[in-house]
Every structure is written in structure tokens, then in C-alpha cells.
Amino acid sequence: MLEYLNVYKSFDVPVLSGVSLTVAPGETMAIIGHSGTGKSVLLKTTIGLITPDYGDVRIEGESIFHSNQNTIERIRRKAGYVFQNAALFDSMTVFENVSTGIPEEQLGSLRFREVLKRVAEALELVNLDPRAVLSKLPAELSGGMRKRVGLARAIVGRPEILLYDEPVTGLDPVNAAIVHQLIERLGRELGVTSIVVTHDIEGALLISDHVAMLDAGRIRFVGTPDEFRVSDDVLVRAFLERDAMTISDRVLEVV
């Protein structure tokens, strides 16, 4: 379904240094690592929000960087993106925010009643009552509800791929658990391929089929959650154990 092929990206300093990773159809892949390891940058290359300096990303065999514009736009329509902090439009209602997730060429051909039905269905999938929230502004919602509206916007276009950028940042443990349960359920019920960038290791291990760990812009580990838990890699152990030392210091001491 999705391939990262030797992806490099620098912003004055190297951020991604040759990332190669394959995500299978219908799989949930968690990409973890400490802040500054390039997780969100890698996610943004998936649909061309950031262009790599070298390498490529392919969705179902098609390049997101070496195709014509029409092909790139078609590829992008296969993916729904869940931004950090929901990234809702403050002046737009929940209905208006979610409906922006429907591709323009579809939106122009749909009657209002059909759009309303699509939006309501998406809200129900993320456990929100459409009648209670459709006319509300983001400021009238709790943090957890805003996250779920962001999820609804990502799925209303019926994508094949869902990309989550730190979906539980800023949430309390209860709401974080709710969002993780939704990610797992949406992957299962919609059959989508999901990539979840997160620093929340416990949540990632619960919802993912495979885990990839980024360190210093490179893939340090790829495997199942069970393989991650028993790995003897010092970086993985430090991450699991919440070691107080920095990752770089820990590696220098051991290697």
C-alpha cells in the first residue's frame, strides 16, 4: 500500500537520513520516537506536504513526487490526515469543518442533504451525536471532542489511508484512551491502512500491527508490538523504561 524509499530531508540540519519503510494494506503502523527524530516530517512527506531532498514515497506503486500534478492530486485523495491539535477552522461550525474533508469534485456534485448525511455518519463513527454538535463552533467543544471532529473530517472523504500526527497530544489519559480505541476501531471497521505518529508508546503498542522507531532520522527498529517489548536494543529499552537520561547519552555510554 505505502512505501518510503530512502527518504532524506534537511532543514539546516539533517532530519531524515535515508528512511525506508513499507506499510501493508489494512495495517496500522505506529511510528514512534522522541521529539525531533523526524516523525511528523516523515508523515508529511506521505502526501507531499513536505518534499524530500532525496528519495520517494509511493502509494500503491505510484510516486507522490515523480508523477504529474493530476496523478498526485488523485493519490492525495486516497488519504485522510489528522493534524495535531485537530487544526479545525475556528470560525466554521462542526458541520462546515467536517464537510471540508469531502473532495471538492465530490462536494460540488452532492446535494446538501447528501453532504449532511455523510457528515453525520462520520461524526457517529467517532462517537459524536450529530444533533448535539453540528452547529457548534470549535471553541464550544472540549479538547477530546475537537480531536474527534478532526477524525471525522479525515474519514468523511472515505479514504484508503489515514495519517495521524500525534493524535493524543494534549489529552488527559481518559480521552487519550478513547481516541486510541477509535483509531483501532476505524482501522478495523473501515479497512483502511493507518500510520500513527506518536510519542505515546503504551497507546501505540495497543493499537498497532507493527511499530517503527525513528532515531536521528533513521529507522532504528521495525517489528510487532510484542517484538518491541522484548527487544534488547538499548534505545528501545530506554524508551520503554522512560530512562531519565537522554537517548543520545544512553547510546554513547553503551555503544
# chains A, B, ... in the order shown; residues from 1 in each chain; ligands from 1

$ residues_around --residues "Phe228 in chain A" --least-positions-apart "6" --cutoff "9 Å" --atoms "only C-alpha atoms" --output "list in words"
Leu205, His210, Val211, Phe221, Val222, Val236, Arg237 and Leu240 of chain A

$ residues_around --residues "range 136-150 of chain A" --least-positions-apart "2" --cutoff "7 Å" --atoms "only C-alpha atoms" --output "ChimeraX atom specification"
/A:82,85-86,88,90-94,98,123,126,133-134,152-154,171,175

$ residues_around --residues "Arg118 in chain A" --least-positions-apart "3" --cutoff "9 Å" --atoms "only C-alpha atoms" --output "VMD selection string"
chain A and resid 99 102 113 to 115 121 to 123 156 to 157

$ write_last_selection --atoms "N, CA and C atoms" --output "PDB file, in the first residue's frame"
ATOM      1  N   SER A  99     -17.248  18.825   6.597  1.00  0.00           N
ATOM      2  CA  SER A  99     -17.564  18.743   5.164  1.00  0.00           C
ATOM      3  C   SER A  99     -16.379  19.132   4.289  1.00  0.00           C
ATOM      4  N   ILE A 102     -14.563  16.315   2.425  1.00  0.00           N
ATOM      5  CA  ILE A 102     -15.085  15.688   1.204  1.00  0.00           C
ATOM      6  C   ILE A 102     -14.377  16.314   0.005  1.00  0.00           C
ATOM      7  N   ARG A 113     -28.441  17.624   1.316  1.00  0.00           N
ATOM      8  CA  ARG A 113     -28.913  16.517   2.150  1.00  0.00           C
ATOM      9  C   ARG A 113     -27.905  15.368   2.158  1.00  0.00           C
ATOM     10  N   GLU A 114     -27.278  15.127   1.002  1.00  0.00           N
ATOM     11  CA  GLU A 114     -26.288  14.054   0.925  1.00  0.00           C
ATOM     12  C   GLU A 114     -25.025  14.407   1.706  1.00  0.00           C
ATOM     13  N   VAL A 115     -24.616  15.674   1.628  1.00  0.00           N
ATOM     14  CA  VAL A 115     -23.451  16.126   2.397  1.00  0.00           C
ATOM     15  C   VAL A 115     -23.736  15.989   3.886  1.00  0.00           C
ATOM     16  N   GLU A 121     -22.785  10.699   9.411  1.00  0.00           N
ATOM     17  CA  GLU A 121     -22.246   9.339   9.515  1.00  0.00           C
ATOM     18  C   GLU A 121     -20.817   9.359  10.055  1.00  0.00           C
ATOM     19  N   ALA A 122     -20.011  10.313   9.592  1.00  0.00           N
ATOM     20  CA  ALA A 122     -18.622  10.411  10.054  1.00  0.00           C
ATOM     21  C   ALA A 122     -18.581  10.760  11.537  1.00  0.00           C
ATOM     22  N   LEU A 123     -19.444  11.663  11.968  1.00  0.00           N
ATOM     23  CA  LEU A 123     -19.493  12.039  13.385  1.00  0.00           C
ATOM     24  C   LEU A 123     -19.926  10.860  14.250  1.00  0.00           C
ATOM     25  N   VAL A 156     -14.447  11.434   6.432  1.00  0.00           N
ATOM     26  CA  VAL A 156     -15.677  11.719   5.686  1.00  0.00           C
ATOM     27  C   VAL A 156     -15.472  11.562   4.183  1.00  0.00           C
ATOM     28  N   GLY A 157     -14.234  11.724   3.720  1.00  0.00           N
ATOM     29  CA  GLY A 157     -13.941  11.557   2.301  1.00  0.00           C
ATOM     30  C   GLY A 157     -13.741  10.110   1.896  1.00  0.00           C
TER      31      GLY A 157
END

$ closest_residue --among "A:Gly26, A:Pro167, A:Gly36, A:Gly18" --to "Ser194 in chain A" --atoms "only C-alpha atoms"
A:Gly26

$ closest_residue --among "A:Tyr54, A:Phe89, A:Gln84, A:Ala30" --to "Leu16 in chain A" --atoms "only C-alpha atoms"
A:Tyr54

$ closest_residue --among "A:Gly55, A:Asp129, A:Thr28, A:Pro14" --to "Arg188 in chain A" --atoms "only C-alpha atoms"
A:Thr28

$ closest_atom_pairs --of "range 156-242 of chain A" --to "range 3-11 of chain A" --cutoff "12 Å" --atoms "only C-alpha atoms" --output "Markdown table"
| residue | atom | partner | partner_atom | distance |
| --- | --- | --- | --- | --- |
| A:Ile195 | CA | A:Glu3 | CA | 11.7 |
| A:Ala216 | CA | A:Tyr8 | CA | 11.7 |
| A:Gly217 | CA | A:Tyr8 | CA | 8.3 |
| A:Arg218 | CA | A:Tyr8 | CA | 9.4 |
| A:Ile219 | CA | A:Asn6 | CA | 10.5 |

$ write_last_selection --atoms "C-alpha atoms" --output "short mmCIF file (atom, residue, chain, number, x, y, z; two decimals), in the first residue's frame"
data_model
loop_
_atom_site.label_atom_id
_atom_site.label_comp_id
_atom_site.auth_asym_id
_atom_site.auth_seq_id
_atom_site.Cartn_x
_atom_site.Cartn_y
_atom_site.Cartn_z
CA ILE A 195 0.01 5.37 10.10
CA ALA A 216 18.38 10.53 14.49
CA GLY A 217 16.42 10.45 11.24
CA ARG A 218 16.81 6.71 10.67
CA ILE A 219 14.70 3.64 11.31
#
